Structures are given as C-alpha cells and as structure tokens.
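Raw target_11.cif, mmCIF, C-alpha atoms:
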data_coords
loop_
_atom_site.label_atom_id
_atom_site.label_comp_id
_atom_site.auth_asym_id
_atom_site.auth_seq_id
_atom_site.Cartn_x
_atom_site.Cartn_y
_atom_site.Cartn_z
CA MET U 1 0.00 0.00 0.00
CA HIS U 2 1.61 3.17 -1.17
CA GLU U 3 1.55 6.42 0.71
CA ILE U 4 -1.21 8.72 -0.44
CA GLY U 5 0.05 11.74 -2.36
CA VAL U 6 3.67 10.63 -2.53
CA ARG U 7 4.66 10.04 -6.10
CA GLU U 8 7.36 7.90 -7.50
CA VAL U 9 9.47 10.15 -9.70
CA VAL U 10 12.10 9.47 -12.31
CA GLN U 11 14.66 11.84 -13.73
CA PHE U 12 15.14 11.91 -17.46
CA ALA U 13 17.23 14.43 -19.37
CA GLY U 14 17.22 16.69 -16.37
CA LEU U 15 13.41 16.65 -16.14
CA THR U 16 11.28 15.11 -13.43
CA PHE U 17 8.48 12.74 -14.43
CA ASN U 18 5.81 11.07 -12.34
CA TRP U 19 6.54 7.53 -13.37
CA GLU U 20 3.30 5.96 -12.20
CA THR U 21 1.21 8.58 -13.98
CA LEU U 22 3.12 8.05 -17.19
CA CYS U 23 2.76 4.27 -16.99
CA MET U 24 -0.94 4.53 -16.26
CA THR U 25 -1.38 6.97 -19.10
CA TRP U 26 0.29 4.60 -21.51
CA LEU U 27 -1.85 1.76 -20.17
CA THR U 28 -4.92 3.90 -20.67
CA MET U 29 -3.87 4.78 -24.19
CA ALA U 30 -3.23 1.13 -24.93
CA ILE U 31 -6.65 0.14 -23.61
CA VAL U 32 -8.40 2.90 -25.54
CA ILE U 33 -6.56 2.04 -28.74
CA LEU U 34 -7.19 -1.66 -28.20
CA ILE U 35 -10.89 -1.10 -27.65
CA ALA U 36 -11.07 1.18 -30.65
CA PHE U 37 -9.10 -1.26 -32.76
CA LEU U 38 -11.16 -4.27 -31.68
CA ALA U 39 -14.37 -2.37 -32.14
CA THR U 40 -13.49 -1.13 -35.60
CA ARG U 41 -11.59 -4.20 -36.76
CA ASN U 42 -14.37 -5.54 -38.88
CA LEU U 43 -17.05 -2.95 -39.20
CA LYS U 44 -20.27 -4.31 -40.55
CA MET U 45 -23.34 -2.71 -41.99
CA VAL U 46 -25.37 -4.38 -39.27
CA PRO U 47 -23.56 -3.53 -36.02
CA SER U 48 -23.10 -5.95 -33.15
CA GLY U 49 -21.16 -6.21 -29.93
CA TRP U 50 -18.43 -3.63 -29.38
CA GLN U 51 -19.27 -1.88 -32.58
CA ASN U 52 -22.60 -0.87 -31.03
CA VAL U 53 -20.88 0.70 -28.03
CA LEU U 54 -18.33 2.57 -30.10
CA GLU U 55 -20.94 3.72 -32.57
CA MET U 56 -23.16 4.90 -29.77
CA ILE U 57 -20.30 6.99 -28.37
CA VAL U 58 -19.26 8.33 -31.77
CA THR U 59 -22.75 9.18 -32.97
CA GLY U 60 -23.79 10.60 -29.60
CA LEU U 61 -20.76 12.87 -29.37
CA ASN U 62 -21.07 13.79 -33.04
CA ALA U 63 -24.63 14.87 -32.42
CA GLN U 64 -23.54 16.91 -29.39
CA ILE U 65 -20.73 18.49 -31.39
CA ALA U 66 -23.04 19.38 -34.25
CA GLY U 67 -25.54 20.77 -31.78
CA THR U 68 -23.14 22.97 -29.81
CA MET U 69 -20.55 23.92 -32.41
CA GLY U 70 -22.41 23.96 -35.69
CA LYS U 71 -21.04 22.77 -38.99
CA ARG U 72 -17.56 24.23 -38.60
CA GLY U 73 -16.89 22.26 -35.43
CA SER U 74 -17.08 18.86 -37.06
CA PHE U 75 -13.30 18.69 -37.58
CA LEU U 76 -12.94 18.69 -33.78
CA ALA U 77 -14.99 15.52 -33.44
CA PRO U 78 -12.00 13.12 -33.29
CA PHE U 79 -10.39 15.28 -30.61
CA ILE U 80 -13.54 15.41 -28.51
CA ILE U 81 -14.23 11.71 -28.88
CA SER U 82 -10.64 10.84 -27.98
CA LEU U 83 -10.87 13.14 -24.98
CA PHE U 84 -14.02 11.42 -23.76
CA LEU U 85 -12.73 7.88 -24.26
CA PHE U 86 -9.37 8.73 -22.68
CA LEU U 87 -10.96 10.34 -19.64
CA LEU U 88 -13.50 7.57 -19.22
CA VAL U 89 -10.88 4.83 -19.29
CA SER U 90 -8.53 6.92 -17.11
CA ASN U 91 -11.16 7.50 -14.45
CA TRP U 92 -12.16 3.85 -14.30
CA LEU U 93 -8.62 2.55 -14.40
CA GLY U 94 -7.98 3.79 -10.84
CA LEU U 95 -10.85 1.65 -9.54
CA ILE U 96 -8.92 -1.51 -10.35
CA PRO U 97 -6.77 -2.47 -7.35
CA THR U 98 -3.01 -1.76 -7.71
CA LEU U 99 -3.71 0.57 -10.64
CA SER U 100 -4.30 4.31 -10.42
CA SER U 101 -5.96 6.86 -12.66
CA PRO U 102 -3.78 9.11 -14.78
CA THR U 103 -6.34 11.75 -13.94
CA ASN U 104 -5.50 11.66 -10.24
CA ASP U 105 -2.41 13.67 -11.17
CA LEU U 106 -2.87 17.39 -11.67
CA ASN U 107 -0.26 17.26 -14.43
CA THR U 108 -2.64 15.24 -16.58
CA THR U 109 -5.80 17.24 -15.96
CA LEU U 110 -4.15 20.65 -16.15
CA GLY U 111 -2.32 19.55 -19.26
CA LEU U 112 -5.55 18.55 -20.96
CA ALA U 113 -7.38 21.65 -19.73
CA LEU U 114 -4.66 23.99 -20.94
CA LEU U 115 -4.47 22.13 -24.22
CA VAL U 116 -8.19 22.66 -24.66
CA ILE U 117 -8.03 26.32 -23.68
CA VAL U 118 -5.05 27.04 -25.92
CA MET U 119 -6.80 25.32 -28.79
CA VAL U 120 -9.97 27.30 -28.08
CA HIS U 121 -8.21 30.65 -28.23
CA SER U 122 -6.09 29.69 -31.22
CA LEU U 123 -9.11 28.50 -33.15
CA GLY U 124 -11.04 31.60 -32.12
CA LEU U 125 -8.30 33.86 -33.38
CA TYR U 126 -7.81 31.82 -36.52
CA MET U 127 -11.48 31.65 -37.41
CA LYS U 128 -12.77 35.01 -36.28
CA GLY U 129 -9.67 37.17 -36.13
CA ALA U 130 -10.05 40.56 -34.53
CA HIS U 131 -13.70 39.92 -34.04
CA TYR U 132 -12.76 37.22 -31.53
CA LEU U 133 -10.63 39.62 -29.51
CA ALA U 134 -13.34 42.26 -29.62
CA HIS U 135 -15.85 40.05 -27.87
CA PHE U 136 -13.75 40.17 -24.67
CA PHE U 137 -14.50 43.89 -24.49
CA LYS U 138 -18.22 43.53 -24.63
CA PRO U 139 -20.62 44.91 -23.61
CA THR U 140 -18.27 47.67 -22.32
CA PRO U 141 -14.44 47.73 -22.26
CA VAL U 142 -14.50 47.50 -18.47
CA PHE U 143 -15.72 43.95 -18.78
CA VAL U 144 -12.34 42.84 -20.02
CA ILE U 145 -11.33 42.27 -16.38
CA ILE U 146 -14.22 39.95 -15.69
CA ASN U 147 -13.73 38.23 -19.02
CA ALA U 148 -10.04 37.72 -18.30
CA ILE U 149 -10.80 36.20 -14.92
CA GLU U 150 -13.36 33.94 -16.57
CA GLU U 151 -10.87 32.80 -19.20
CA ILE U 152 -8.21 32.10 -16.58
CA ALA U 153 -10.74 30.30 -14.40
CA LYS U 154 -11.76 27.99 -17.23
CA PRO U 155 -8.66 25.74 -17.31
CA ILE U 156 -8.31 25.86 -13.53
CA THR U 157 -11.88 24.77 -12.83
CA LEU U 158 -11.75 22.26 -15.64
CA SER U 159 -8.59 20.60 -14.38
CA PHE U 160 -9.20 20.81 -10.62
CA ARG U 161 -12.72 19.49 -10.86
CA LEU U 162 -11.60 16.32 -12.56
CA PHE U 163 -8.44 15.98 -10.47
CA GLY U 164 -10.27 16.49 -7.18
CA ASN U 165 -13.07 14.09 -7.98
CA ILE U 166 -10.85 11.27 -9.11
CA LEU U 167 -8.20 11.69 -6.41
CA ALA U 168 -10.85 11.90 -3.71
CA GLY U 169 -12.49 8.77 -5.04
CA GLU U 170 -9.26 6.81 -4.97
CA ILE U 171 -8.26 8.09 -1.55
CA LEU U 172 -11.61 7.12 -0.14
CA ILE U 173 -11.34 3.65 -1.62
CA ILE U 174 -8.04 3.18 0.20
CA ILE U 175 -9.36 4.69 3.42
CA LEU U 176 -12.52 2.58 3.38
CA LEU U 177 -10.45 -0.55 2.92
CA LYS U 178 -8.32 0.44 5.89
CA LEU U 179 -11.21 1.47 8.12
CA MET U 180 -13.49 -1.47 7.51
CA PRO U 181 -12.71 -4.99 8.60
CA ILE U 182 -12.31 -7.37 5.69
CA TRP U 183 -15.68 -9.10 6.34
CA MET U 184 -17.58 -5.84 5.89
CA PRO U 185 -17.12 -4.98 2.20
CA ILE U 186 -20.45 -3.21 1.69
CA PRO U 187 -19.22 0.43 2.09
CA SER U 188 -16.31 -0.23 -0.23
CA VAL U 189 -18.54 -1.82 -2.82
CA ILE U 190 -21.02 1.03 -2.62
CA TRP U 191 -18.26 3.59 -2.92
CA LEU U 192 -16.73 1.67 -5.80
CA ALA U 193 -20.05 1.71 -7.64
CA PHE U 194 -20.41 5.41 -6.94
CA SER U 195 -16.87 5.98 -8.21
CA ILE U 196 -17.75 4.26 -11.47
CA PHE U 197 -20.64 6.68 -11.80
CA ILE U 198 -18.44 9.64 -10.83
CA GLY U 199 -15.80 8.61 -13.35
CA GLY U 200 -18.34 8.57 -16.16
CA VAL U 201 -19.92 11.81 -15.08
CA GLN U 202 -16.60 13.62 -14.74
CA ALA U 203 -15.42 12.43 -18.14
CA PHE U 204 -18.70 13.61 -19.58
CA ILE U 205 -18.52 16.99 -17.82
CA PHE U 206 -14.95 17.63 -18.93
CA THR U 207 -15.85 16.76 -22.50
CA MET U 208 -19.05 18.79 -22.51
CA LEU U 209 -17.36 21.86 -21.05
CA SER U 210 -14.53 21.58 -23.56
CA MET U 211 -17.13 21.42 -26.28
CA ALA U 212 -18.90 24.45 -24.88
CA TYR U 213 -15.62 26.40 -24.88
CA PHE U 214 -14.85 25.25 -28.39
CA ALA U 215 -18.33 26.23 -29.46
CA GLY U 216 -17.78 29.80 -28.27
CA ALA U 217 -14.69 30.07 -30.41
CA VAL U 218 -15.71 28.09 -33.47
CA LYS U 219 -19.41 28.71 -33.85
CA GLU U 220 -20.40 31.41 -36.26
CA ASP U 221 -21.99 34.48 -34.75
CA SER U 222 -25.15 33.98 -36.75
CA GLU U 223 -25.47 30.52 -35.24
CA GLU U 224 -25.29 31.74 -31.68
CA SER U 225 -28.52 31.52 -29.83
CA MET L 1 0.71 16.14 -3.86
CA ILE L 2 -0.08 18.66 -6.55
CA GLU L 3 3.39 19.57 -7.69
CA LEU L 4 3.72 20.21 -11.40
CA ASN L 5 6.67 18.91 -13.33
CA ALA L 6 7.63 17.69 -16.77
CA THR L 7 4.85 15.11 -16.61
CA PHE L 8 2.61 17.98 -17.60
CA PHE L 9 4.19 18.23 -21.07
CA ALA L 10 4.48 14.48 -21.38
CA GLN L 11 0.76 14.12 -20.76
CA ILE L 12 -0.10 16.72 -23.39
CA LEU L 13 2.10 14.92 -25.87
CA ASN L 14 0.64 11.56 -24.86
CA PHE L 15 -2.86 12.79 -25.40
CA LEU L 16 -2.08 14.33 -28.78
CA ILE L 17 -0.52 11.02 -29.88
CA LEU L 18 -3.64 9.25 -28.69
CA VAL L 19 -5.81 11.65 -30.68
CA VAL L 20 -3.81 11.03 -33.84
CA ILE L 21 -3.87 7.25 -33.39
CA LEU L 22 -7.56 7.11 -32.54
CA ARG L 23 -8.40 9.32 -35.45
CA ALA L 24 -6.58 6.99 -37.80
CA VAL L 25 -7.59 3.69 -36.20
CA ALA L 26 -11.14 4.24 -35.07
CA TYR L 27 -12.73 7.52 -36.00
CA LYS L 28 -12.23 7.49 -39.74
CA PRO L 29 -13.37 3.87 -40.30
CA VAL L 30 -16.40 4.42 -38.08
CA VAL L 31 -17.36 7.63 -39.82
CA ARG L 32 -16.81 6.02 -43.20
CA MET L 33 -18.91 3.06 -42.15
CA LEU L 34 -21.65 5.30 -40.77
CA LYS L 35 -21.64 7.25 -44.02
CA ALA L 36 -21.80 4.01 -45.99
CA ARG L 37 -24.70 2.82 -43.87
CA GLU L 38 -26.45 6.14 -44.25
CA ASP L 39 -26.02 5.93 -48.00
CA ARG L 40 -27.26 2.38 -47.95
CA ILE L 41 -30.33 3.29 -45.93
CA GLN L 42 -31.02 6.25 -48.17
CA GLU L 43 -30.63 4.02 -51.18
CA SER L 44 -32.95 1.43 -49.71
CA LEU L 45 -35.54 4.07 -48.88
CA ASP L 46 -35.32 5.52 -52.37
CA LYS L 47 -35.65 2.06 -53.83
CA ALA L 48 -38.61 1.31 -51.58
CA ASP L 49 -40.28 4.53 -52.67
CA ALA L 50 -39.62 3.75 -56.29
CA ASP L 51 -40.96 0.23 -55.78
CA ALA L 52 -44.08 1.58 -54.11
CA VAL L 53 -44.67 3.95 -57.01
CA GLU L 54 -44.10 1.10 -59.44
CA ALA L 55 -46.48 -1.11 -57.51
CA ASP L 56 -49.12 1.60 -57.49
CA LYS L 57 -48.72 2.02 -61.21
CA MET L 58 -49.03 -1.71 -61.76
CA LEU L 59 -52.05 -1.90 -59.52
CA ALA L 60 -53.72 0.89 -61.46
CA GLU L 61 -52.81 -0.86 -64.68
CA TYR L 62 -54.26 -4.14 -63.48
CA LYS L 63 -57.38 -2.44 -62.24
CA ALA L 64 -57.84 -0.82 -65.61
CA LYS L 65 -57.28 -4.14 -67.32
CA LEU L 66 -59.73 -5.85 -65.01
CA ALA L 67 -62.34 -3.18 -65.66
CA ALA L 68 -61.82 -3.52 -69.38
CA ALA L 69 -62.14 -7.30 -69.14
CA ASN L 70 -65.30 -6.95 -67.06
CA ALA L 71 -66.79 -4.58 -69.59
CA LYS L 72 -65.91 -6.91 -72.41
CA ALA L 73 -67.43 -9.89 -70.63
CA GLU L 74 -70.59 -7.93 -69.99
CA THR L 75 -70.82 -6.98 -73.64
CA ILE L 76 -70.36 -10.58 -74.65
CA VAL L 77 -73.04 -11.77 -72.25
CA ARG L 78 -75.43 -9.07 -73.36
CA ASN L 79 -74.83 -9.92 -77.00
CA ALA L 80 -75.40 -13.59 -76.32
CA GLU L 81 -78.60 -12.84 -74.44
CA LYS L 82 -79.79 -10.63 -77.24
CA ARG L 83 -79.04 -13.23 -79.82
CA ALA L 84 -80.73 -15.92 -77.75
CA SER L 85 -83.83 -13.86 -77.31
CA GLU L 86 -83.91 -13.05 -81.01
CA GLU L 87 -83.58 -16.71 -81.83
CA ARG L 88 -86.31 -17.58 -79.37
CA GLU L 89 -88.57 -14.97 -80.87
CA GLU L 90 -87.84 -16.28 -84.33
CA LYS L 91 -88.55 -19.86 -83.28
CA ARG L 92 -91.80 -18.85 -81.70
CA ALA L 93 -92.86 -16.94 -84.76
CA GLU L 94 -92.02 -19.91 -86.94
CA ALA L 95 -93.92 -22.25 -84.71
CA LYS L 96 -96.89 -19.94 -84.78
CA ARG L 97 -96.73 -19.75 -88.53
CA GLU L 98 -96.55 -23.51 -88.79
CA ILE L 99 -99.48 -23.94 -86.49
CA GLU L 100 -101.40 -21.41 -88.50
CA GLN L 101 -100.57 -23.27 -91.65
CA MET L 102 -101.57 -26.57 -90.17
CA LYS L 103 -104.79 -25.08 -88.92
CA LYS L 104 -105.52 -23.70 -92.33
CA ALA L 105 -104.73 -27.01 -93.97
CA ALA L 106 -106.93 -28.82 -91.53
CA ALA L 107 -109.76 -26.39 -92.10
CA ALA L 108 -109.40 -26.75 -95.85
CA GLU L 109 -109.44 -30.48 -95.58
CA ILE L 110 -112.48 -30.38 -93.39
CA GLN L 111 -114.21 -28.14 -95.91
CA ARG L 112 -113.25 -30.43 -98.69
CA ASP L 113 -114.50 -33.50 -96.84
CA ARG L 114 -117.75 -31.77 -96.05
CA GLU L 115 -118.30 -30.77 -99.63
CA ARG L 116 -117.51 -34.21 -100.82
CA ALA L 117 -119.85 -35.68 -98.25
CA ALA L 118 -122.58 -33.23 -99.25
CA GLU L 119 -122.09 -34.09 -102.89
CA GLN L 120 -122.22 -37.76 -102.19
CA LEU L 121 -125.24 -37.34 -100.00
CA ARG L 122 -127.00 -35.30 -102.57
CA ALA L 123 -126.33 -37.88 -105.25
CA GLU L 124 -127.49 -40.62 -102.98
CA VAL L 125 -130.56 -38.70 -102.00
CA VAL L 126 -131.36 -38.10 -105.64
CA ALA L 127 -130.92 -41.73 -106.45
CA LEU L 128 -132.85 -42.82 -103.40
CA SER L 129 -135.68 -40.42 -103.97
CA MET L 130 -135.77 -41.39 -107.64
CA ALA L 131 -136.03 -44.98 -106.69
CA ALA L 132 -138.60 -44.30 -104.01
CA ALA L 133 -140.63 -42.05 -106.20
CA GLY L 134 -140.43 -44.49 -109.05
CA LYS L 135 -141.61 -47.29 -106.85
CA ILE L 136 -144.49 -45.32 -105.29
CA ILE L 137 -145.89 -43.39 -108.12
CA ALA L 138 -144.66 -45.29 -111.18
CA LYS L 139 -148.05 -45.52 -112.76
CA ASN L 140 -149.57 -42.10 -111.96
CA MET L 141 -146.93 -39.77 -113.24
CA ASP L 142 -145.31 -39.15 -116.50
CA LYS L 143 -141.77 -38.60 -116.84
CA ALA L 144 -141.85 -34.78 -117.03
CA GLU L 145 -143.90 -34.35 -113.92
CA ASN L 146 -141.60 -36.72 -112.14
CA GLU L 147 -138.49 -34.78 -113.07
CA GLN L 148 -140.09 -31.59 -111.79
CA LEU L 149 -141.04 -33.09 -108.48
CA VAL L 150 -137.66 -34.53 -107.92
CA GLY L 151 -135.98 -31.23 -108.80
CA GLU L 152 -138.17 -29.34 -106.27
CA PHE L 153 -137.38 -31.88 -103.67
CA VAL L 154 -133.72 -31.63 -104.28
CA ASP L 155 -133.80 -27.82 -104.27
CA LYS L 156 -135.54 -27.95 -100.96
CA LEU L 157 -132.83 -30.24 -99.73
CA ASP L 158 -130.17 -27.73 -100.79
CA LYS L 159 -131.81 -25.01 -98.87
CA ASP L 160 -131.87 -26.97 -95.61
CA LYS L 161 -128.90 -27.93 -93.53
CA ILE L 162 -127.51 -31.22 -94.58
CA GLY L 163 -126.75 -32.26 -91.03
CA ASP L 164 -130.42 -31.83 -90.01
CA LEU L 165 -131.65 -34.36 -92.44
CA PRO L 166 -133.66 -37.10 -90.78
CA CYS L 167 -132.09 -39.73 -92.95
#
Could you quickly redo this structure as structure tokens?
Amino acid sequence: MHEIGVREVVQFAGLTFNWETLCMTWLTMAIVILIAFLATRNLKMVPSGWQNVLEMIVTGLNAQIAGTMGKRGSFLAPFIISLFLFLLVSNWLGLIPTLSSPTNDLNTTLGLALLVIVMVHSLGLYMKGAHYLAHFFKPTPVFVIINAIEEIAKPITLSFRLFGNILAGEILIIILLKLMPIWMPIPSVIWLAFSIFIGGVQAFIFTMLSMAYFAGAVKEDSEES
Amino acid sequence: MIELNATFFAQILNFLILVVILRAVAYKPVVRMLKAREDRIQESLDKADADAVEADKMLAEYKAKLAAANAKAETIVRNAEKRASEEREEKRAEAKREIEQMKKAAAAEIQRDRERAAEQLRAEVVALSMAAAGKIIAKNMDKAENEQLVGEFVDKLDKDKIGDLPC
C-alpha cells in the first residue's frame, strides 16, 4: 500500500516525471486504442457487440458536437471523442486495485485543460480574427477584467474538478479498505459503484465543457442563440 | 501532492498522440462506415419509394385491365342474351306460322271432306228419292212431272242444312 500523495518520480534528461502517472497513461492509451481497434476491426453494416458501443459513443458525441458547435466544429470531433474515451478509461482505471488513474495527477488534468483552452483561443483567433478579440470587451471595455478572470478560471476549474473528484475517489477507496474490517465490504462496494458513476460523469462533464468552450470560439456568430 | 513537473508536457504529448492514433484507427473507419450505412439506408428508402410507385402504377394498370375485361365480358353476355332472345322470338314466330298453316290445312281439308260428303249425300238422295218415287208413283206420273217433283225436292234439300236431315 503506497503512501497517499507521494509520487514515484524518475529523472530523465534533467526533467522530473511522475513515473506511475506516465505508466498509467500509456496503459490507458493502450486500452483505448485496443478497444477502438477491436471495435473497428471488422465494421459491418449491421452492427453488433463492441461496434454498437463505439458507434453509440461516436454518434452521440457527433450529435452533441453538431448541436453545440455547428457545422464548422465537425473537424474537432475526433479530438472530442478521444478526450471522452481517454478520460472515461482513465477514471475507471484507478478503480482496479493496484492501478491508479492518470487523472489523479494534476499534471494530466491541467495539461488537458490547458491544451483545450489554448486550442480554443487559437481557433477563435484563426477563425474570427479581430472579431474574436473584440468580444472580450463587450458589452463595455471594463468587462475585459471579468472576461479575463473567466478565461483564466476555465482551465483551472476544468482541471481541478476532474483531479479532485478522481483523487478523492481513490483516496476514499483506500481509506474505506483500511477502516473497515475485511468481512464488511459493503461500504467499499457502494463507494466503488459510486466511483464508477463519478468517473463517467466527470469524463462527460470535462468533455461537454470543452465542447462548450470550443463552441464559443468556433461557432459562427449567426449561429449563436 | 499537486506539484507540477515535466509530466505535464508528457501528458499533453501523450494525449495528442492518442488523438492522432484514434483518429486513424477508429474515428475514420467508423465515420466512413456510418456514411456508408447512411447511403445504404437512403438508397434502400429511395428504392422502396420507387418500388411503391411502381407497384401503385401496376395496380392501377391491373385495375384498368380488369375493368376492361369486365366490360368486355358484360358486352359478350349481353350480345349472347340478345341473340338468344332473337332466336327464341324467331322460333316462336315460326312455330306460330306452322301452327297457323296446319290449322288452315286442316280447315281446308275439313271443308273439302264436307263438300264431298254433301255431294255424295245429294247424289245418294237423288238416287234414293228417284227410286222411291219411281216405286211409289210409277203408274200415276209421266216422266216430265216426275223430273219436276224430284228437282223441287232436291232444291228444298239444298236449302236446308244437310246435317239436319232425318235420314
């Protein structure tokens, strides 16, 4: 049983890496790619098995993307779908004993959140140009302060929400196992079930919020409701 | 617990690699397959619509044909009935004519028989009366007177009905 919060680090080329996080991330990537590969290995006109699950995710997210971002957002669909699958597998990976979620490390969540935010602003500038900058000064120039705080808060809330939820879930799993005698597994089982739910919900929230941010940058003004 | 280090950049890189791989491995085939299915469904629907239109057309055609056949059959039946009734009428008229003819022939024959009988009767009566008269009044009458008497008698006979004769 490892100490909570203490991370195994490795030094490489003068940089410090959280080894466990990296390993779990690679495991997650492998699982996601394996699932995707198995699910799309022989695609059939009449879907069955894994293909149903994957198609459900792809079509559902595609519909969400089309709904929130409009036509121009469709090129982001692979990114969004990858984000959702990666987060879902990451969040659930930590529920398996001896494994931990890549998302229980702030490096992962903040990395993803900043990636999303940087992409949002880049796309906004690329697609709307000066018009995109101007909307930070609306309705009056004074609002630029509030808007700036909002923009800075976006990656922080995005990353800390996911990080906190997943880390808390894993910590509580460990604590419950320590508190309860071995013949009383009910609290652990309940918490484990709840963590599965939380993992799905958090992956969904992260993805949906990313989509909402993307929508603000990508969606045409005429499409805005 | 929440220290940031180079893992941050590694995770961004990891995720971007994952995006690229997933896009190549899963997203594109799935989207292509979904598109193919969509096309297939659209095609099937179009075909079904076309088939329905075709079926409607055929149904209308068959209905028209059936109606035409019905009309034709009716015409044939009506013609046959007409012809049958004409034939019947003709037969009846012929039969009537024949009967009429037979009646006429029978009447003529009856007339002829009656005349012949009357002639015969008259001749017999003449002979009989001649014989009777000759026997009864042979001595009293001459021949002239006799002839006159007989002629009167016979004339009287002609005037009366032959059937009422007491003989």
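Minimum atom-to-atom distances from U:Met208, U:Trp191, U:Val10, U:Glu20 to U:Thr98 were compared using only C-alpha atoms, and the lowest value belongs to U:Glu20.
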Residue members of the PyMOL selection byres ((chain U) within 9 of (chain L)) in the file shown, as a ChimeraX atom specification: /U:4-7,15-19,21-22,25-26,29-30,32-33,36-37,39-41,43-46,51,54-55,58-59,77-83,86,105-112,114-115
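Around U:Ser101, within 8 Å and counting all atoms listed in the file, the residues found are Thr21, Met24, Thr25, Ser90, Asn91, Trp92, Leu93, Gly94, Leu95, Asp105 and Ile166 of chain U, once anything fewer than 4 positions away on its own chain is removed.
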The PyMOL selection byres ((chain L and resi 126) around 12) resolved against shown file, as an NGL selection string: :L and (118-125 or 127-134 or 147 or 149-158)
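The environment of U:Met211 within 10 Å, counting all atoms listed in the file and disregarding residues fewer than 2 places along the same chain, consists of Leu61, Gln64, Ile65, Thr68, Met69, Gly73, Leu76, Ala77, Ile80, Val116, Val120, Ile205, Phe206, Thr207, Met208, Leu209, Tyr213, Phe214, Ala215, Gly216, Ala217 and Val218 of chain U.
Between atom CA of U:Thr28 and atom CA of U:Asn42 lies a distance of 22.6 Å.
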Could you work out an axis-aligned bounding box for all listed atoms of stretch 121-129 of chain U, with 4 Å added on each of the six sides, and give its centre and edge lengths in Å to one decimal, as JSON?
{"center_x": -9.4, "center_y": 32.8, "center_z": -32.8, "size_x": 14.7, "size_y": 16.7, "size_z": 17.2}
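The spacing separating atom CA of U:Leu27 from atom CA of U:Pro187 amounts to 28.3 Å.
Atom CA of L:Ala50 is positioned 22.3 Å from atom CA of L:Lys65.
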Resolved residues for the PyMOL selection byres ((chain U and resi 176) around 10) as a PyMOL selection string: chain U and resi 170-175+177-181+185-189+191
Nearby residues (all atoms listed in the file) at most 12 Å from U:Ala134, same-chain spacing under 6 positions excluded, as number ranges by chain: U: 124-125, 128, 140-141, 143-144, 147
Atoms added to stretch 29-44 of chain U (N, CA and C atoms), reported as a compact mmCIF listing (two decimals), in the coordinates of the input:
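The new file result-v5.txt reads:
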# COMPACT_ATOMS: atom_id res chain seq x y z
N MET U 29 -3.92 4.62 -22.74
CA MET U 29 -3.87 4.78 -24.19
C MET U 29 -3.96 3.43 -24.88
N ALA U 30 -3.21 2.46 -24.32
CA ALA U 30 -3.23 1.13 -24.93
C ALA U 30 -4.64 0.54 -24.88
N ILE U 31 -5.29 0.70 -23.73
CA ILE U 31 -6.65 0.14 -23.61
C ILE U 31 -7.60 0.82 -24.60
N VAL U 32 -7.51 2.16 -24.64
CA VAL U 32 -8.40 2.90 -25.54
C VAL U 32 -8.17 2.48 -26.99
N ILE U 33 -6.87 2.41 -27.36
CA ILE U 33 -6.56 2.04 -28.74
C ILE U 33 -6.99 0.60 -29.02
N LEU U 34 -6.78 -0.26 -28.02
CA LEU U 34 -7.19 -1.66 -28.20
C LEU U 34 -8.70 -1.76 -28.39
N ILE U 35 -9.42 -1.07 -27.52
CA ILE U 35 -10.89 -1.10 -27.65
C ILE U 35 -11.31 -0.56 -29.02
N ALA U 36 -10.71 0.57 -29.38
CA ALA U 36 -11.07 1.18 -30.65
C ALA U 36 -10.72 0.25 -31.81
N PHE U 37 -9.53 -0.37 -31.68
CA PHE U 37 -9.10 -1.26 -32.76
C PHE U 37 -10.02 -2.48 -32.85
N LEU U 38 -10.30 -3.08 -31.68
CA LEU U 38 -11.16 -4.27 -31.68
C LEU U 38 -12.55 -3.91 -32.18
N ALA U 39 -13.00 -2.74 -31.77
CA ALA U 39 -14.37 -2.37 -32.14
C ALA U 39 -14.49 -2.05 -33.62
N THR U 40 -13.40 -1.53 -34.20
CA THR U 40 -13.49 -1.13 -35.60
C THR U 40 -12.78 -2.11 -36.53
N ARG U 41 -12.40 -3.29 -35.97
CA ARG U 41 -11.59 -4.20 -36.76
C ARG U 41 -12.36 -4.68 -37.98
N ASN U 42 -13.54 -5.23 -37.71
CA ASN U 42 -14.37 -5.54 -38.88
C ASN U 42 -15.73 -4.88 -38.71
N LEU U 43 -15.79 -3.70 -39.27
CA LEU U 43 -17.05 -2.95 -39.20
C LEU U 43 -18.03 -3.57 -40.19
N LYS U 44 -19.25 -3.71 -39.69
CA LYS U 44 -20.27 -4.31 -40.55
C LYS U 44 -21.43 -3.33 -40.70
